[in-house]
Amino acid sequence: MKMSHTGIRTAAIVAAAALSALAAAPGIARAEACTIRIGAVLPTSVDWGRPIAATAQFAVEVANKAGGVNGCKVEMLLRDTQTQAKVGVDAAKAMVDIDKVPVILGAVSSGVSMPILTSVTVPAGVMQMSCCSSSTSFTRLAAAGKTKGLWFRTFATSRVQTSMGAMLAKEKGYKKVAVFYKNDDWGQDMVKLVSADLKSVGIEVTAAVPINDGQPSYRAEVTKALNPRPDALYLALYPKEGIAVVREWISLGGSRKMVVANSLKSDDFRKGVGIKYLGDLVGTDTSSPRTKSASAFVELYKSRFKKEPNGPGLANSYDATMVVLLAMQAAGKGAGGAAIAAKVAAVTDPGGTPVEANVDGFKKASALLKAGKTVNYQGATGAVKFDRNGDVSAPAVVWTFTDSGVKETRYIALEDVNAFIAKLK
């Protein structure tokens with residue numbers, strides 16, 4: 001049936017009048033039609049990056065179920081970094097310049113987070129919160145005042161992993177260790193720290209070999225590390241280059257004894273190398289403390305994803321997102337990056353009211369913050385507390401590969417981590 005132009009206009013007028021009457025009717029609340037955006041630049045093209053992004057989105061879902069931020073729905077704009085600095089910078093710049101986001105979550109690799117920080121977020125006055133960047137370069141930059149208070153991370157610095165790696169190598173009786181490291185900001189920081197830590201416990205570093213992205217072969221680098229032949233390897237690499245290097249290493253008769261950073265805690269790496277070659281591998285990672293809030297996150301995650309949160313950075317990603325959203329709530333509508341960053345202290349205040357990392361906790365926190373009070377966010381990594389440089393501390397775990405994935409074999413409490421670091425020269 002075709003309606004005349006006059007009929008269409010009449011129907012529109014009637015419909016508009018009906019909607020106005022409905023909105024004005026007593027007892028009927030009108031939802032506020034507003035959306036706020038945050039940016040996220042994460043490596044969704046790699047197997048361990050996708051769950052990190054999904055966990056950040058989950059935190060956004062929790063906040064929206066709790067009523068959103070200042071009554072507005074939160075939308076997370078997500079772009080893939082491909083673990084490459086240029087790709088990450090371009091993605092972040094587009095979000096800042098075009099989408100006008102006041103906050104960016106990311107990146108994972110320090111080699112991607114650093115150029116985003118220095119060339120995009122700090123110049124634009126946008127807050128940046130990383131779940132997973134560990135380089136101590138950020139600490140030095142913040143201490144020098146060059147981050148302008150806009151930088152935070154929920155992942156402990158590289159020193160936790162390198163010191164625990166040295167501890168494991170010492171316990172296993174290794175005398176000589178060769179190091180392969182990714183030739184970016186993160187890898188350069190890791191090799192500097194782990195070399196010092198290994199030497200401090202009496203282990204000789206026979207070679208420290210940088211690995212660049214995308215080479216057709218790493219035979220020259222592996223050959224260099226084999227002379228003189230070490231007892232074991234320390235690997236600060238990502239899966240793609242890690243697979244290629246370790247395959248070459250094994251083919252040339254190198255030792256299968258390896259200590260690796262959490263960047264290789266990956267199904268791609270396990271499958272790409274082959275579990276039969278990884279029986280003498282041990283890895284390190286930072287860990288959530290054994291607290292009630294950390295256990296609650298595990299159950300919350302399992303209810304949403306139907307599996308354990310076993311991948312690297314998942315708890316850190318959840319907390320990074322939740323802290324950002326609560327800080328935005330505290331800063332008020334339309335707040336810019338600097339104002340949001342300034343409110344992080346109000347949502348991670350040790351003297352504030354404890355709030356849980358779920359829908360009810362977000363509702364409670366929102367009400368308290370709206371009333372001008374502070375809260376103590378109890379999250380997936382415990383009670384999050386940043387120091388003056390935007391850093392956090394964390395316990396550690398030791399892990400190995402199994403036929404089906406990863407198994408944690410040891411938990412090292414925060415006080416034990418700090419005590420071991422204190423003994424190092």
# chains A, B, ... in the order shown; residues from 1 in each chain; ligands from 1
>>> residues_around(residues="A:Asn262", least_positions_apart="4", cutoff="8 Å", atoms="only C-alpha atoms", output="count of residues only")
4
>>> residues_around(residues="A:Met190", least_positions_apart="6", cutoff="9 Å", atoms="only C-alpha atoms", output="ChimeraX atom specification")
/A:135-136,158-159,161-162,181-182,236
>>> closest_residue(among="A:Asp319, A:Glu408, A:Glu221, A:Asp416", to="A:Val392", atoms="only C-alpha atoms")
A:Asp319
>>> select_by_dssp(residues="stretch 111-197 of chain A", states="strand (DSSP E)", output="list in words")
Met127, Gln128, Met129, Ser130, Trp151, Phe152, Arg153, Lys176, Val177, Ala178, Val179, Phe180, Tyr181 and Lys182 of chain A
>>> write_last_selection(atoms="N, CA and C atoms", output="short mmCIF file (atom, residue, chain, number, x, y, z; two decimals), in the first residue's frame")
data_model
loop_
_atom_site.label_atom_id
_atom_site.label_comp_id
_atom_site.auth_asym_id
_atom_site.auth_seq_id
_atom_site.Cartn_x
_atom_site.Cartn_y
_atom_site.Cartn_z
N MET A 127 45.31 10.54 28.06
CA MET A 127 45.80 9.57 29.03
C MET A 127 46.05 8.23 28.34
N GLN A 128 47.13 7.53 28.74
CA GLN A 128 47.44 6.21 28.20
C GLN A 128 47.62 5.22 29.35
N MET A 129 46.92 4.11 29.25
CA MET A 129 46.97 3.06 30.27
C MET A 129 47.30 1.74 29.60
N SER A 130 48.46 1.17 29.92
CA SER A 130 48.86 -0.11 29.33
C SER A 130 48.63 -1.25 30.30
N TRP A 151 50.67 8.72 31.94
CA TRP A 151 51.03 7.33 31.70
C TRP A 151 50.82 6.46 32.94
N PHE A 152 50.16 5.33 32.76
CA PHE A 152 49.97 4.33 33.81
C PHE A 152 50.06 2.94 33.18
N ARG A 153 50.40 1.96 34.02
CA ARG A 153 50.38 0.56 33.55
C ARG A 153 50.04 -0.36 34.73
N LYS A 176 76.59 -20.97 32.02
CA LYS A 176 76.74 -20.08 30.87
C LYS A 176 75.41 -19.99 30.13
N VAL A 177 74.98 -18.76 29.87
CA VAL A 177 73.68 -18.54 29.23
C VAL A 177 73.85 -17.54 28.08
N ALA A 178 73.26 -17.86 26.94
CA ALA A 178 73.18 -16.91 25.81
C ALA A 178 71.79 -16.29 25.79
N VAL A 179 71.72 -15.04 25.38
CA VAL A 179 70.45 -14.30 25.39
C VAL A 179 70.08 -13.89 23.97
N PHE A 180 68.87 -14.22 23.56
CA PHE A 180 68.29 -13.67 22.34
C PHE A 180 67.21 -12.67 22.77
N TYR A 181 67.22 -11.48 22.17
CA TYR A 181 66.23 -10.48 22.56
C TYR A 181 65.70 -9.75 21.34
N LYS A 182 64.43 -9.37 21.42
CA LYS A 182 63.80 -8.60 20.34
C LYS A 182 64.43 -7.23 20.30
#
>>> residues_around(residues="A:Gln82", least_positions_apart="2", cutoff="10 Å", atoms="only C-alpha atoms", output="list in words")
Val41, Leu42, Pro43, Thr44, Ser45, Val46, Gly49, Arg79, Asp80, Gln84, Ala85, Lys86, Val87, Gly88 and Val112 of chain A
>>> closest_residue(among="A:Val260, A:Leu252, A:Val323, A:Leu77", to="A:Met164", atoms="only C-alpha atoms")
A:Val260
>>> select_by_dssp(residues="stretch 71-263 of chain A", states="helix (DSSP H, G or I)", output="PyMOL selection string")
chain A and resi 85-97+110-124+137-143+158-171+185-200+219-225+239-251+262-263
>>> residues_around(residues="A:Gly253", least_positions_apart="5", cutoff="12 Å", atoms="only C-alpha atoms", output="JSON, numbers by chain")
{"A": [222, 223, 225, 226, 227, 229, 230, 231, 232, 246, 247, 248, 277]}
>>> residues_around(residues="A:Asp47", least_positions_apart="4", cutoff="9 Å", atoms="only C-alpha atoms", output="ChimeraX atom specification")
/A:43,51,266-268
>>> write_last_selection(atoms="N, CA and C atoms", output="short mmCIF file (atom, residue, chain, number, x, y, z; two decimals), in the first residue's frame")
data_model
loop_
_atom_site.label_atom_id
_atom_site.label_comp_id
_atom_site.auth_asym_id
_atom_site.auth_seq_id
_atom_site.Cartn_x
_atom_site.Cartn_y
_atom_site.Cartn_z
N PRO A 43 47.25 -5.99 20.07
CA PRO A 43 47.65 -6.89 18.98
C PRO A 43 46.66 -8.02 18.73
N PRO A 51 42.70 -12.42 23.32
CA PRO A 51 42.05 -12.49 24.64
C PRO A 51 42.28 -11.22 25.48
N SER A 266 52.62 -18.88 24.75
CA SER A 266 51.73 -18.80 23.59
C SER A 266 51.55 -20.16 22.95
N ASP A 267 50.31 -20.46 22.56
CA ASP A 267 50.04 -21.69 21.84
C ASP A 267 50.76 -21.70 20.49
N ASP A 268 50.85 -20.53 19.86
CA ASP A 268 51.55 -20.45 18.57
C ASP A 268 53.00 -20.89 18.73
#
>>> closest_residue(among="A:Ala345, A:Gly336, A:Ala419, A:Ala330", to="A:Leu368", atoms="only C-alpha atoms")
A:Ala330
>>> closest_residue(among="A:Ile421, A:Ala143, A:Ile203, A:Leu150", to="A:Pro123", atoms="only C-alpha atoms")
A:Leu150
>>> residues_around(residues="stretch 325-327 of chain A", least_positions_apart="3", cutoff="10 Å", atoms="only C-alpha atoms", output="PyMOL selection string")
chain A and resi 38+59-60+63+68-70+74+103+319-322+330-332+335+339-348+362+365-366+369+375+377
>>> atom_distance(atom1="atom CA of A:Gly351", atom2="atom CA of A:Ile412")
27.0 Å
>>> residues_around(residues="A:Ala413", least_positions_apart="5", cutoff="9 Å", atoms="only C-alpha atoms", output="NGL selection string")
:A and (287 or 289-290 or 394-397 or 418)
>>> write_last_selection(atoms="C-alpha atoms", output="PDB file, in the first residue's frame")
ATOM      1  CA  SER A 287      50.986 -12.829  38.705  1.00  0.00           C
ATOM      2  CA  PRO A 289      48.240 -11.958  44.242  1.00  0.00           C
ATOM      3  CA  ARG A 290      46.406 -14.755  46.003  1.00  0.00           C
ATOM      4  CA  ALA A 394      53.467  -7.761  41.438  1.00  0.00           C
ATOM      5  CA  PRO A 395      54.215 -11.322  42.536  1.00  0.00           C
ATOM      6  CA  ALA A 396      55.568 -13.831  39.998  1.00  0.00           C
ATOM      7  CA  VAL A 397      54.881 -17.340  38.740  1.00  0.00           C
ATOM      8  CA  ASN A 418      61.378  -7.944  46.265  1.00  0.00           C
TER       9      ASN A 418
END
